[in-house]
Amino acid sequence: MAAPTPTDRKFLGRLSLPERTFVADALRAETVGGVLLLVAAIAALIWANTPLGDSYESVRDFHIGPADLGLDLSIQHWAADGLLAVFFFVAGIELKRELVAGELRDPKAAALPVIAAVCGMVMPALVYVLVTATGGGSFDGWAVPTATDIAFALAVLAVIGTSLPSALRAFLLTLAVVDDLFAILIIAVFFTDHLNFAALGGAVIGLGVFWLLLRKGVHGWYVYVPLALVIWGLMYNSGVHATIAGVAMGLMLRCTTRKGEEHSPGEHIEHLVRPLSAGLAVPLFALFSAGVSVSGNSLTDVFTKPETLGVVLGLVVGKVVGVFGGTWLAARFTRAELNDDLAWPDVFAVASLAGIGFTVSLLIAELAFSGDAVLTDEVKAAVLMGSLIAAVLAGILLKLRDRKYRALTEEEERDEDQDGIPDIYEQDNPEYHLRMAAIYEEKAAEHRRKAEVAGASRKGGGSPA
């Protein structure tokens, strides 16, 4: 019998230094945004469930905007269609970068996270359909539990005080990027009604102008911001969800560097816009979307109505089974070996973290049940409950491995020669080892000097009685 062929393909292996730096910077901003998102969601729930609840509804439903342009919208509508366009613009840039310079560039490396993300969307939808079919509910909300909210997931990590090794963080980020891609496709395909072809044509022409200006190297926010607003307005009036305009413009940005560039235009613009998205746009959306009525009866209904139970089980069970099962099967059939420093329970913990769906889930809930305000609020409450359960489950699983994660993170970040590059990335660099040898020789000389001083002091003081 022939010996098995060894493979050097590692799943969740060490990232390259540039990729690790990018992931760390991106997730740092997302973590801050996630905490703000959490605060906004709590504020919305408190505001909507106190004697001030009427004022919440009044502000949320207040209309503003030019009616002649078809943009006389409620504050909630502006947050969902307007502010989230900024969120999806950043998502478009992230997707473009992943496709040309990140994990999705190499089909072999991309296979596992893509399969995991796809299974992590298909399985929750199947769970929802199964539950609603059994209970005689509406199938309209099948897409609600399919989305993962990376910012909220990172906020959970910040709250419970744990950190993930960079490979797990990158896996979670890639999952979320692919998740966003399919959420975009779901919104574009399944929630587009009564197309206005004139407005759609205008939006397409505007996108063409946007692309041409980028290719010609035209600079200046005063050119692109007004053009982006026109494209957004036309897209909204076309019947296609307005956030698609943000995604399209994000995908058009160049995310590869050229000679003399430290950062690509896409990375530069993302660095400028991400704080606006994570710190303002998404929290405001949460503030005007998460304010659902919470009472004993409404919480009971979450676990009794087929639509709401389908959402909860889709997030808590479907996401975990889909992400973990898809990852395990993909690794098995592609013969990719798991990183020696990690174990499959770590993948399961990240899969449970992926069950936290918030921003996009709330948006899809509004789109899916737009004709039924009561059911919309009930499904939103189910999204909040399912995300809370998933967060608690993930928190417990991650805390069980926290000591291991901290050791791995410290190893990744150790920089004893203080040159700004973690030591783990310099093991093949002779200059690094020469610097470390000099450092240890200096320490050894210092300890020899201290030993001599201690010996002289001991002789001069005599032996203890």
# chains A, B, ... in the order shown; residues from 1 in each chain; ligands from 1
$ select_by_dssp --residues "range 192-422 of chain A" --states "alpha helix (DSSP H)" --output "ChimeraX atom specification"
/A:197-215,221-238,243-252,265-276,282-289,296-302,306-313,319-334,344-353,359-368,373-400,402-413
$ residues_around --residues "Lys399 in chain A" --least-positions-apart "5" --cutoff "10 Å" --atoms "only C-alpha atoms" --output "MDAnalysis selection string"
chainID A and resid 157 160:163 349 394 404:405
$ residues_around --residues "Phe303 in chain A" --least-positions-apart "5" --cutoff "10 Å" --atoms "only C-alpha atoms" --output "number ranges by chain"
A: 298, 308-313, 382, 385
$ closest_residue --among "A:Ala228, A:Glu442, A:Leu195, A:Leu36" --to "Gly208 in chain A" --atoms "only C-alpha atoms"
A:Ala228
$ residues_around --residues "range 244-253 of chain A" --least-positions-apart "6" --cutoff "9 Å" --atoms "only C-alpha atoms" --output "CSV table (one decimal) with all heavy atoms, in the first residue's frame"
chain,number,residue,atom,x,y,z
A,84,LEU,N,-27.5,53.2,5.0
A,84,LEU,CA,-26.9,51.9,4.8
A,84,LEU,C,-26.2,51.8,3.4
A,84,LEU,O,-25.5,50.9,3.2
A,84,LEU,CB,-28.0,50.8,4.9
A,84,LEU,CG,-28.3,50.4,6.3
A,84,LEU,CD1,-29.1,49.1,6.3
A,84,LEU,CD2,-27.1,50.2,7.2
A,85,ALA,N,-26.5,52.8,2.5
A,85,ALA,CA,-25.8,52.8,1.3
A,85,ALA,C,-24.3,53.0,1.6
A,85,ALA,O,-23.4,52.5,0.8
A,85,ALA,CB,-26.3,53.9,0.4
A,86,VAL,N,-24.0,53.8,2.6
A,86,VAL,CA,-22.6,54.0,3.0
A,86,VAL,C,-22.0,52.7,3.5
A,86,VAL,O,-20.8,52.4,3.2
A,86,VAL,CB,-22.5,55.1,4.1
A,86,VAL,CG1,-21.1,55.4,4.5
A,86,VAL,CG2,-23.1,56.4,3.6
A,87,PHE,N,-22.7,52.0,4.3
A,87,PHE,CA,-22.3,50.7,4.8
A,87,PHE,C,-22.0,49.7,3.7
A,87,PHE,O,-20.9,49.1,3.7
A,87,PHE,CB,-23.4,50.1,5.7
A,87,PHE,CG,-23.2,48.7,6.1
A,87,PHE,CD1,-22.3,48.3,7.0
A,87,PHE,CD2,-23.9,47.7,5.4
A,87,PHE,CE1,-22.2,46.9,7.4
A,87,PHE,CE2,-23.8,46.3,5.7
A,87,PHE,CZ,-22.9,46.0,6.7
A,88,PHE,N,-22.9,49.7,2.7
A,88,PHE,CA,-22.7,48.8,1.6
A,88,PHE,C,-21.6,49.3,0.6
A,88,PHE,O,-21.0,48.5,-0.1
A,88,PHE,CB,-24.0,48.5,0.8
A,88,PHE,CG,-24.9,47.5,1.5
A,88,PHE,CD1,-26.0,47.9,2.2
A,88,PHE,CD2,-24.6,46.2,1.4
A,88,PHE,CE1,-26.8,46.9,2.8
A,88,PHE,CE2,-25.4,45.2,2.0
A,88,PHE,CZ,-26.5,45.6,2.7
A,89,PHE,N,-21.3,50.6,0.6
A,89,PHE,CA,-20.2,51.1,-0.2
A,89,PHE,C,-18.9,50.5,0.4
A,89,PHE,O,-18.0,50.1,-0.3
A,89,PHE,CB,-20.2,52.6,-0.1
A,89,PHE,CG,-19.0,53.3,-0.7
A,89,PHE,CD1,-18.8,53.3,-2.1
A,89,PHE,CD2,-18.1,53.9,0.1
A,89,PHE,CE1,-17.7,53.9,-2.7
A,89,PHE,CE2,-16.9,54.5,-0.5
A,89,PHE,CZ,-16.8,54.5,-1.9
A,90,VAL,N,-18.8,50.6,1.7
A,90,VAL,CA,-17.6,50.0,2.4
A,90,VAL,C,-17.5,48.5,2.1
A,90,VAL,O,-16.4,47.9,1.9
A,90,VAL,CB,-17.6,50.3,3.9
A,90,VAL,CG1,-16.4,49.6,4.6
A,90,VAL,CG2,-17.5,51.8,4.1
A,91,ALA,N,-18.7,47.8,2.2
A,91,ALA,CA,-18.7,46.4,1.9
A,91,ALA,C,-18.3,46.1,0.5
A,91,ALA,O,-17.6,45.1,0.3
A,91,ALA,CB,-20.1,45.8,2.1
A,92,GLY,N,-18.6,47.0,-0.4
A,92,GLY,CA,-18.2,46.8,-1.8
A,92,GLY,C,-16.7,46.9,-2.0
A,92,GLY,O,-16.0,46.1,-2.7
A,93,ILE,N,-16.1,47.8,-1.3
A,93,ILE,CA,-14.6,48.0,-1.3
A,93,ILE,C,-14.0,46.8,-0.7
A,93,ILE,O,-13.0,46.3,-1.2
A,93,ILE,CB,-14.2,49.3,-0.5
A,93,ILE,CG1,-14.8,50.5,-1.2
A,93,ILE,CG2,-12.7,49.4,-0.5
A,93,ILE,CD1,-14.5,51.8,-0.4
A,94,GLU,N,-14.5,46.3,0.5
A,94,GLU,CA,-13.9,45.1,1.1
A,94,GLU,C,-14.0,43.9,0.2
A,94,GLU,O,-13.0,43.1,0.1
A,94,GLU,CB,-14.7,44.8,2.4
A,94,GLU,CG,-14.5,45.8,3.5
A,94,GLU,CD,-15.4,45.4,4.8
A,94,GLU,OE1,-16.4,44.7,4.6
A,94,GLU,OE2,-15.0,45.8,5.9
A,95,LEU,N,-15.1,43.8,-0.5
A,95,LEU,CA,-15.3,42.6,-1.4
A,95,LEU,C,-14.3,42.7,-2.5
A,95,LEU,O,-13.6,41.7,-2.9
A,95,LEU,CB,-16.7,42.6,-1.9
A,95,LEU,CG,-17.0,41.5,-3.0
A,95,LEU,CD1,-16.7,40.1,-2.4
A,95,LEU,CD2,-18.4,41.6,-3.4
A,96,LYS,N,-14.1,43.9,-3.1
A,96,LYS,CA,-13.2,44.1,-4.2
A,96,LYS,C,-11.7,43.8,-3.8
A,96,LYS,O,-11.0,43.1,-4.5
A,96,LYS,CB,-13.3,45.6,-4.7
A,96,LYS,CG,-12.3,46.0,-5.8
A,96,LYS,CD,-12.6,45.2,-7.1
A,96,LYS,CE,-11.8,45.7,-8.3
A,96,LYS,NZ,-12.1,47.1,-8.7
A,97,ARG,N,-11.4,44.3,-2.6
A,97,ARG,CA,-10.0,44.0,-2.1
A,97,ARG,C,-9.8,42.5,-1.8
A,97,ARG,O,-8.7,42.0,-2.2
A,97,ARG,CB,-9.8,44.8,-0.8
A,97,ARG,CG,-8.4,44.7,-0.3
A,97,ARG,CD,-8.2,45.0,1.2
A,97,ARG,NE,-6.9,44.5,1.6
A,97,ARG,CZ,-6.5,43.3,1.9
A,97,ARG,NH1,-7.4,42.3,1.8
A,97,ARG,NH2,-5.3,43.0,2.2
A,184,ILE,N,-26.3,41.1,-0.7
A,184,ILE,CA,-26.5,42.1,-1.7
A,184,ILE,C,-27.3,41.5,-2.9
A,184,ILE,O,-28.3,42.1,-3.4
A,184,ILE,CB,-25.2,42.6,-2.2
A,184,ILE,CG1,-24.5,43.5,-1.1
A,184,ILE,CG2,-25.3,43.5,-3.5
A,184,ILE,CD1,-23.0,43.7,-1.3
A,185,LEU,N,-26.9,40.3,-3.3
A,185,LEU,CA,-27.6,39.6,-4.4
A,185,LEU,C,-29.0,39.3,-4.1
A,185,LEU,O,-29.9,39.4,-4.9
A,185,LEU,CB,-26.8,38.3,-4.8
A,185,LEU,CG,-25.4,38.5,-5.4
A,185,LEU,CD1,-24.8,37.2,-5.6
A,185,LEU,CD2,-25.5,39.3,-6.7
A,187,ILE,N,-31.0,40.9,-1.9
A,187,ILE,CA,-31.7,42.2,-1.9
A,187,ILE,C,-32.0,42.6,-3.4
A,187,ILE,O,-33.1,43.0,-3.7
A,187,ILE,CB,-31.0,43.3,-1.2
A,187,ILE,CG1,-30.9,42.9,0.3
A,187,ILE,CG2,-31.6,44.6,-1.4
A,187,ILE,CD1,-30.0,43.8,1.1
A,188,ALA,N,-31.0,42.5,-4.2
A,188,ALA,CA,-31.2,43.0,-5.6
A,188,ALA,C,-32.2,42.1,-6.4
A,188,ALA,O,-33.0,42.6,-7.2
A,188,ALA,CB,-29.8,43.0,-6.3
A,203,ALA,N,-29.3,55.7,-13.6
A,203,ALA,CA,-28.3,55.3,-12.6
A,203,ALA,C,-27.2,54.5,-13.2
A,203,ALA,O,-26.0,54.7,-12.8
A,203,ALA,CB,-29.0,54.3,-11.6
A,207,LEU,N,-23.3,55.5,-13.0
A,207,LEU,CA,-22.2,54.6,-12.6
A,207,LEU,C,-21.1,54.6,-13.7
A,207,LEU,O,-19.9,54.4,-13.4
A,207,LEU,CB,-22.8,53.2,-12.4
A,207,LEU,CG,-23.6,53.1,-11.1
A,207,LEU,CD1,-24.3,51.7,-11.1
A,207,LEU,CD2,-22.8,53.2,-9.9
A,210,PHE,N,-19.0,57.6,-13.2
A,210,PHE,CA,-18.2,57.4,-12.0
A,210,PHE,C,-17.0,56.5,-12.3
A,210,PHE,O,-15.9,56.8,-11.9
A,210,PHE,CB,-19.1,56.7,-11.0
A,210,PHE,CG,-18.5,56.6,-9.6
A,210,PHE,CD1,-18.7,57.6,-8.7
A,210,PHE,CD2,-17.8,55.4,-9.2
A,210,PHE,CE1,-18.1,57.5,-7.4
A,210,PHE,CE2,-17.2,55.3,-8.0
A,210,PHE,CZ,-17.4,56.3,-7.1
A,211,TRP,N,-17.2,55.4,-13.1
A,211,TRP,CA,-16.2,54.5,-13.5
A,211,TRP,C,-15.2,55.2,-14.4
A,211,TRP,O,-13.9,55.1,-14.2
A,211,TRP,CB,-16.7,53.3,-14.2
A,211,TRP,CG,-15.7,52.4,-14.7
A,211,TRP,CD1,-15.1,51.3,-14.0
A,211,TRP,CD2,-15.1,52.3,-16.0
A,211,TRP,NE1,-14.2,50.7,-14.8
A,211,TRP,CE2,-14.2,51.2,-16.0
A,211,TRP,CE3,-15.3,53.0,-17.2
A,211,TRP,CZ2,-13.5,50.9,-17.1
A,211,TRP,CZ3,-14.6,52.7,-18.3
A,211,TRP,CH2,-13.7,51.6,-18.3
A,214,LEU,N,-12.9,57.6,-12.4
A,214,LEU,CA,-11.9,56.9,-11.7
A,214,LEU,C,-10.8,56.5,-12.6
A,214,LEU,O,-9.6,56.6,-12.3
A,214,LEU,CB,-12.5,55.6,-11.0
A,214,LEU,CG,-13.5,55.9,-9.9
A,214,LEU,CD1,-14.1,54.6,-9.4
A,214,LEU,CD2,-12.7,56.5,-8.7
A,228,ALA,N,-22.3,60.7,-6.6
A,228,ALA,CA,-22.8,59.5,-5.9
A,228,ALA,C,-24.3,59.8,-5.4
A,228,ALA,O,-25.1,58.8,-5.4
A,228,ALA,CB,-21.9,59.2,-4.7
A,231,ILE,N,-26.6,59.3,-8.3
A,231,ILE,CA,-26.7,57.8,-8.6
A,231,ILE,C,-27.6,57.2,-7.6
A,231,ILE,O,-28.5,56.4,-8.0
A,231,ILE,CB,-25.3,57.2,-8.6
A,231,ILE,CG1,-24.5,57.7,-9.8
A,231,ILE,CG2,-25.4,55.7,-8.7
A,231,ILE,CD1,-23.0,57.3,-9.7
A,232,TRP,N,-27.4,57.5,-6.3
A,232,TRP,CA,-28.2,56.9,-5.3
A,232,TRP,C,-29.7,57.3,-5.5
A,232,TRP,O,-30.6,56.4,-5.4
A,232,TRP,CB,-27.8,57.4,-3.9
A,232,TRP,CG,-28.6,56.9,-2.8
A,232,TRP,CD1,-28.5,55.7,-2.1
A,232,TRP,CD2,-29.8,57.6,-2.2
A,232,TRP,NE1,-29.5,55.6,-1.2
A,232,TRP,CE2,-30.3,56.7,-1.2
A,232,TRP,CE3,-30.4,58.8,-2.5
A,232,TRP,CZ2,-31.5,57.0,-0.5
A,232,TRP,CZ3,-31.6,59.1,-1.8
A,232,TRP,CH2,-32.1,58.2,-0.8
A,235,MET,N,-31.1,55.4,-8.4
A,235,MET,CA,-31.3,53.9,-8.0
A,235,MET,C,-32.5,53.7,-7.1
A,235,MET,O,-33.2,52.8,-7.3
A,235,MET,CB,-30.0,53.4,-7.4
A,235,MET,CG,-30.0,51.9,-7.2
A,235,MET,SD,-29.8,51.0,-8.7
A,235,MET,CE,-28.0,51.3,-9.1
A,236,TYR,N,-32.7,54.6,-6.2
A,236,TYR,CA,-33.8,54.5,-5.3
A,236,TYR,C,-35.1,54.6,-6.1
A,236,TYR,O,-36.1,53.8,-5.9
A,236,TYR,CB,-33.8,55.6,-4.3
A,236,TYR,CG,-35.1,55.6,-3.4
A,236,TYR,CD1,-35.2,54.7,-2.3
A,236,TYR,CD2,-36.2,56.4,-3.7
A,236,TYR,CE1,-36.3,54.7,-1.5
A,236,TYR,CE2,-37.3,56.4,-2.9
A,236,TYR,CZ,-37.4,55.5,-1.8
A,236,TYR,OH,-38.5,55.4,-1.1
A,264,SER,N,-3.6,51.6,-1.9
A,264,SER,CA,-4.4,51.7,-3.1
A,264,SER,C,-5.5,52.8,-2.9
A,264,SER,O,-5.8,53.1,-1.7
A,264,SER,CB,-5.1,50.4,-3.5
A,264,SER,OG,-6.0,50.0,-2.5
A,265,PRO,N,-6.1,53.4,-4.0
A,265,PRO,CA,-7.2,54.3,-3.8
A,265,PRO,C,-8.4,53.7,-3.0
A,265,PRO,O,-9.0,54.4,-2.1
A,265,PRO,CB,-7.6,54.6,-5.2
A,265,PRO,CG,-6.4,54.4,-6.0
A,265,PRO,CD,-5.7,53.2,-5.4
A,266,GLY,N,-8.7,52.4,-3.2
A,266,GLY,CA,-9.8,51.8,-2.5
A,266,GLY,C,-9.5,51.7,-1.0
A,266,GLY,O,-10.4,52.1,-0.2
A,267,GLU,N,-8.3,51.3,-0.6
A,267,GLU,CA,-7.9,51.3,0.8
A,267,GLU,C,-7.9,52.7,1.4
A,267,GLU,O,-8.4,52.8,2.6
A,267,GLU,CB,-6.5,50.6,0.9
A,267,GLU,CG,-6.5,49.2,0.6
A,267,GLU,CD,-5.1,48.6,0.7
A,267,GLU,OE1,-4.2,49.1,-0.1
A,267,GLU,OE2,-4.9,47.7,1.5
A,269,ILE,N,-9.7,55.3,0.5
A,269,ILE,CA,-11.1,55.8,0.6
A,269,ILE,C,-11.8,55.0,1.7
A,269,ILE,O,-12.6,55.6,2.5
A,269,ILE,CB,-11.9,55.7,-0.7
A,269,ILE,CG1,-11.2,56.7,-1.7
A,269,ILE,CG2,-13.3,56.0,-0.5
A,269,ILE,CD1,-11.8,56.6,-3.1
A,270,GLU,N,-11.6,53.7,1.8
A,270,GLU,CA,-12.2,52.9,2.8
A,270,GLU,C,-11.7,53.4,4.2
A,270,GLU,O,-12.6,53.5,5.2
A,270,GLU,CB,-11.8,51.4,2.7
A,270,GLU,CG,-12.4,50.5,3.7
A,270,GLU,CD,-11.8,49.1,3.7
A,270,GLU,OE1,-10.9,48.9,2.9
A,270,GLU,OE2,-12.4,48.2,4.4
$ residues_around --residues "range 132-145 of chain A" --least-positions-apart "4" --cutoff "6 Å" --atoms "only C-alpha atoms" --output "list of chain:residue names"
A:Pro124, A:Ala125, A:Tyr128, A:Pro306, A:Glu307, A:Val311, A:Gly314, A:Leu315, A:Ser361, A:Ile364, A:Ala365, A:Ala368
$ write_last_selection --atoms "N, CA, C and O atoms" --output "PDB file, in the first residue's frame"
ATOM      1  N   PRO A 124     -29.468  28.279   7.309  1.00  0.00           N
ATOM      2  CA  PRO A 124     -30.488  29.054   8.034  1.00  0.00           C
ATOM      3  C   PRO A 124     -31.773  29.242   7.234  1.00  0.00           C
ATOM      4  O   PRO A 124     -32.865  29.214   7.807  1.00  0.00           O
ATOM      5  N   ALA A 125     -31.620  29.454   5.910  1.00  0.00           N
ATOM      6  CA  ALA A 125     -32.814  29.592   5.076  1.00  0.00           C
ATOM      7  C   ALA A 125     -33.627  28.297   5.085  1.00  0.00           C
ATOM      8  O   ALA A 125     -34.867  28.329   5.170  1.00  0.00           O
ATOM      9  N   TYR A 128     -35.429  27.965   8.401  1.00  0.00           N
ATOM     10  CA  TYR A 128     -36.593  28.853   8.429  1.00  0.00           C
ATOM     11  C   TYR A 128     -37.751  28.258   7.631  1.00  0.00           C
ATOM     12  O   TYR A 128     -38.899  28.222   8.099  1.00  0.00           O
ATOM     13  N   PRO A 306     -44.430  30.695  13.862  1.00  0.00           N
ATOM     14  CA  PRO A 306     -43.486  30.006  12.958  1.00  0.00           C
ATOM     15  C   PRO A 306     -42.465  30.946  12.331  1.00  0.00           C
ATOM     16  O   PRO A 306     -41.300  30.576  12.183  1.00  0.00           O
ATOM     17  N   GLU A 307     -42.867  32.171  11.952  1.00  0.00           N
ATOM     18  CA  GLU A 307     -41.920  33.083  11.308  1.00  0.00           C
ATOM     19  C   GLU A 307     -40.807  33.496  12.272  1.00  0.00           C
ATOM     20  O   GLU A 307     -39.629  33.507  11.900  1.00  0.00           O
ATOM     21  N   VAL A 311     -36.727  32.353  12.422  1.00  0.00           N
ATOM     22  CA  VAL A 311     -35.590  33.276  12.432  1.00  0.00           C
ATOM     23  C   VAL A 311     -34.625  32.934  13.562  1.00  0.00           C
ATOM     24  O   VAL A 311     -33.405  32.866  13.362  1.00  0.00           O
ATOM     25  N   GLY A 314     -32.945  29.684  12.818  1.00  0.00           N
ATOM     26  CA  GLY A 314     -32.055  29.878  11.674  1.00  0.00           C
ATOM     27  C   GLY A 314     -30.734  30.486  12.082  1.00  0.00           C
ATOM     28  O   GLY A 314     -29.663  30.048  11.638  1.00  0.00           O
ATOM     29  N   LEU A 315     -30.785  31.489  12.972  1.00  0.00           N
ATOM     30  CA  LEU A 315     -29.557  32.134  13.433  1.00  0.00           C
ATOM     31  C   LEU A 315     -28.761  31.249  14.382  1.00  0.00           C
ATOM     32  O   LEU A 315     -27.539  31.127  14.257  1.00  0.00           O
ATOM     33  N   SER A 361     -29.893  41.661   8.633  1.00  0.00           N
ATOM     34  CA  SER A 361     -31.092  40.888   8.985  1.00  0.00           C
ATOM     35  C   SER A 361     -32.277  41.808   9.252  1.00  0.00           C
ATOM     36  O   SER A 361     -33.404  41.533   8.820  1.00  0.00           O
ATOM     37  N   ILE A 364     -33.456  43.211   5.855  1.00  0.00           N
ATOM     38  CA  ILE A 364     -34.226  42.232   5.087  1.00  0.00           C
ATOM     39  C   ILE A 364     -35.583  41.990   5.730  1.00  0.00           C
ATOM     40  O   ILE A 364     -36.588  41.787   5.028  1.00  0.00           O
ATOM     41  N   ALA A 365     -35.658  42.028   7.058  1.00  0.00           N
ATOM     42  CA  ALA A 365     -36.948  41.875   7.740  1.00  0.00           C
ATOM     43  C   ALA A 365     -37.908  42.988   7.316  1.00  0.00           C
ATOM     44  O   ALA A 365     -39.103  42.739   7.071  1.00  0.00           O
ATOM     45  N   ALA A 368     -38.918  42.192   3.679  1.00  0.00           N
ATOM     46  CA  ALA A 368     -39.705  40.970   3.503  1.00  0.00           C
ATOM     47  C   ALA A 368     -41.141  41.131   3.969  1.00  0.00           C
ATOM     48  O   ALA A 368     -42.066  40.566   3.366  1.00  0.00           O
TER      49      ALA A 368
END
$ closest_residue --among "A:Val230, A:Val379, A:Val209, A:Val129" --to "Leu367 in chain A" --atoms "only C-alpha atoms"
A:Val379
$ closest_atom_pairs --of "range 37-68 of chain A" --to "range 272-293 of chain A" --cutoff "6 Å" --atoms "only C-alpha atoms" --output "CSV"
residue,atom,partner,partner_atom,distance
A:Leu37,CA,A:Pro283,CA,4.6
A:Ala40,CA,A:Leu287,CA,5.1
A:Ala41,CA,A:Ala286,CA,5.5
A:Ala44,CA,A:Gly291,CA,4.4
A:Leu45,CA,A:Gly291,CA,4.6
A:Ala48,CA,A:Gly291,CA,5.2
A:Asn49,CA,A:Ser293,CA,5.9
A:Arg60,CA,A:Phe288,CA,5.9
$ residues_around --residues "Phe182 in chain A" --least-positions-apart "2" --cutoff "10 Å" --atoms "only C-alpha atoms" --output "PyMOL selection string"
chain A and resi 117-118+121+146-147+176-180+184-188
$ write_last_selection --atoms "N, CA, C and O atoms" --output "compact mmCIF listing (two decimals), in the first residue's frame"
# COMPACT_ATOMS: atom_id res chain seq x y z
N ALA A 117 -19.28 30.08 4.03
CA ALA A 117 -20.23 31.19 4.01
C ALA A 117 -21.51 30.81 3.27
O ALA A 117 -22.62 31.14 3.71
N VAL A 118 -21.36 30.11 2.14
CA VAL A 118 -22.54 29.70 1.37
C VAL A 118 -23.40 28.73 2.19
O VAL A 118 -24.62 28.89 2.30
N MET A 121 -25.36 30.37 4.82
CA MET A 121 -26.54 31.11 4.39
C MET A 121 -27.66 30.18 3.96
O MET A 121 -28.84 30.44 4.20
N THR A 146 -30.07 34.76 7.28
CA THR A 146 -28.90 34.33 6.51
C THR A 146 -27.67 35.22 6.71
O THR A 146 -26.56 34.83 6.34
N ALA A 147 -27.84 36.41 7.29
CA ALA A 147 -26.74 37.39 7.34
C ALA A 147 -25.99 37.34 8.66
O ALA A 147 -26.57 37.10 9.72
N ALA A 176 -17.84 37.14 6.62
CA ALA A 176 -18.74 38.29 6.61
C ALA A 176 -18.75 38.96 5.24
O ALA A 176 -19.81 39.41 4.77
N VAL A 177 -17.59 39.05 4.58
CA VAL A 177 -17.53 39.68 3.25
C VAL A 177 -18.34 38.87 2.24
O VAL A 177 -19.14 39.44 1.47
N VAL A 178 -18.17 37.55 2.22
CA VAL A 178 -18.93 36.70 1.30
C VAL A 178 -20.42 36.76 1.66
O VAL A 178 -21.29 36.79 0.79
N ASP A 179 -20.70 36.80 2.96
CA ASP A 179 -22.06 36.94 3.47
C ASP A 179 -22.70 38.20 2.90
O ASP A 179 -23.85 38.18 2.42
N ASP A 180 -21.96 39.31 2.96
CA ASP A 180 -22.46 40.58 2.44
C ASP A 180 -22.73 40.49 0.94
O ASP A 180 -23.73 41.04 0.44
N ILE A 184 -26.33 41.10 -0.69
CA ILE A 184 -26.54 42.10 -1.75
C ILE A 184 -27.32 41.49 -2.91
O ILE A 184 -28.27 42.08 -3.44
N LEU A 185 -26.91 40.29 -3.32
CA LEU A 185 -27.60 39.61 -4.43
C LEU A 185 -29.04 39.29 -4.07
O LEU A 185 -29.95 39.43 -4.90
N ILE A 186 -29.26 38.85 -2.82
CA ILE A 186 -30.62 38.54 -2.37
C ILE A 186 -31.49 39.80 -2.43
O ILE A 186 -32.63 39.76 -2.93
N ILE A 187 -30.97 40.91 -1.92
CA ILE A 187 -31.73 42.17 -1.93
C ILE A 187 -32.03 42.60 -3.36
O ILE A 187 -33.15 43.01 -3.69
N ALA A 188 -31.02 42.50 -4.24
CA ALA A 188 -31.19 42.96 -5.62
C ALA A 188 -32.17 42.10 -6.39
O ALA A 188 -32.98 42.61 -7.17
$ atom_distance --atom1 "CA of Ile75 in chain A" --atom2 "CA of Val59 in chain A"
7.0 Å
$ residues_around --residues "Ala151 in chain A" --least-positions-apart "3" --cutoff "6 Å" --atoms "only C-alpha atoms" --output "number ranges by chain"
A: 30-31, 34, 154
$ select_by_dssp --residues "range 3-131 of chain A" --states "strand (DSSP E)" --output "PyMOL selection string"
chain A and resi 10-11+63-64+73-74
$ write_last_selection --atoms "C-alpha atoms" --output "short mmCIF file (atom, residue, chain, number, x, y, z; two decimals), in the first residue's frame"
data_model
loop_
_atom_site.label_atom_id
_atom_site.label_comp_id
_atom_site.auth_asym_id
_atom_site.auth_seq_id
_atom_site.Cartn_x
_atom_site.Cartn_y
_atom_site.Cartn_z
CA LYS A 10 -3.09 24.49 6.02
CA PHE A 11 -6.54 25.77 6.91
CA HIS A 63 -41.05 62.46 6.78
CA ILE A 64 -38.49 64.75 5.23
CA LEU A 73 -39.04 59.59 3.13
CA SER A 74 -39.41 58.80 6.82
#
$ closest_residue --among "A:Leu181, A:Ala451, A:Leu172, A:Ala330" --to "Asp346 in chain A" --atoms "only C-alpha atoms"
A:Leu172
$ closest_residue --among "A:Asp428, A:Arg458, A:Gly53, A:Ile150" --to "Phe358 in chain A" --atoms "only C-alpha atoms"
A:Ile150
$ decode --residues "range 404-425 of chain A" --atoms "C-alpha atoms" --output "PDB file, in the first residue's frame"
ATOM      1  CA  LYS A 404      -5.134  29.318  24.457  1.00  0.00           C
ATOM      2  CA  TYR A 405      -6.153  32.305  22.306  1.00  0.00           C
ATOM      3  CA  ARG A 406      -4.269  34.758  24.495  1.00  0.00           C
ATOM      4  CA  ALA A 407      -1.123  32.650  24.295  1.00  0.00           C
ATOM      5  CA  LEU A 408      -1.384  32.475  20.496  1.00  0.00           C
ATOM      6  CA  THR A 409      -2.078  36.209  20.225  1.00  0.00           C
ATOM      7  CA  GLU A 410       0.894  37.072  22.447  1.00  0.00           C
ATOM      8  CA  GLU A 411       3.100  34.821  20.321  1.00  0.00           C
ATOM      9  CA  GLU A 412       1.886  36.561  17.150  1.00  0.00           C
ATOM     10  CA  GLU A 413       2.519  40.031  18.584  1.00  0.00           C
ATOM     11  CA  ARG A 414       5.871  39.433  20.343  1.00  0.00           C
ATOM     12  CA  ASP A 415       8.541  41.827  19.042  1.00  0.00           C
ATOM     13  CA  GLU A 416      11.609  41.371  21.244  1.00  0.00           C
ATOM     14  CA  ASP A 417      13.976  43.198  18.909  1.00  0.00           C
ATOM     15  CA  GLN A 418      11.482  46.100  18.717  1.00  0.00           C
ATOM     16  CA  ASP A 419      11.793  46.640  14.982  1.00  0.00           C
ATOM     17  CA  GLY A 420       8.034  46.902  14.427  1.00  0.00           C
ATOM     18  CA  ILE A 421       7.751  43.429  12.887  1.00  0.00           C
ATOM     19  CA  PRO A 422       6.480  40.522  15.015  1.00  0.00           C
ATOM     20  CA  ASP A 423       9.274  38.000  15.659  1.00  0.00           C
ATOM     21  CA  ILE A 424       7.237  35.130  14.267  1.00  0.00           C
ATOM     22  CA  TYR A 425       7.551  36.693  10.796  1.00  0.00           C
TER      23      TYR A 425
END
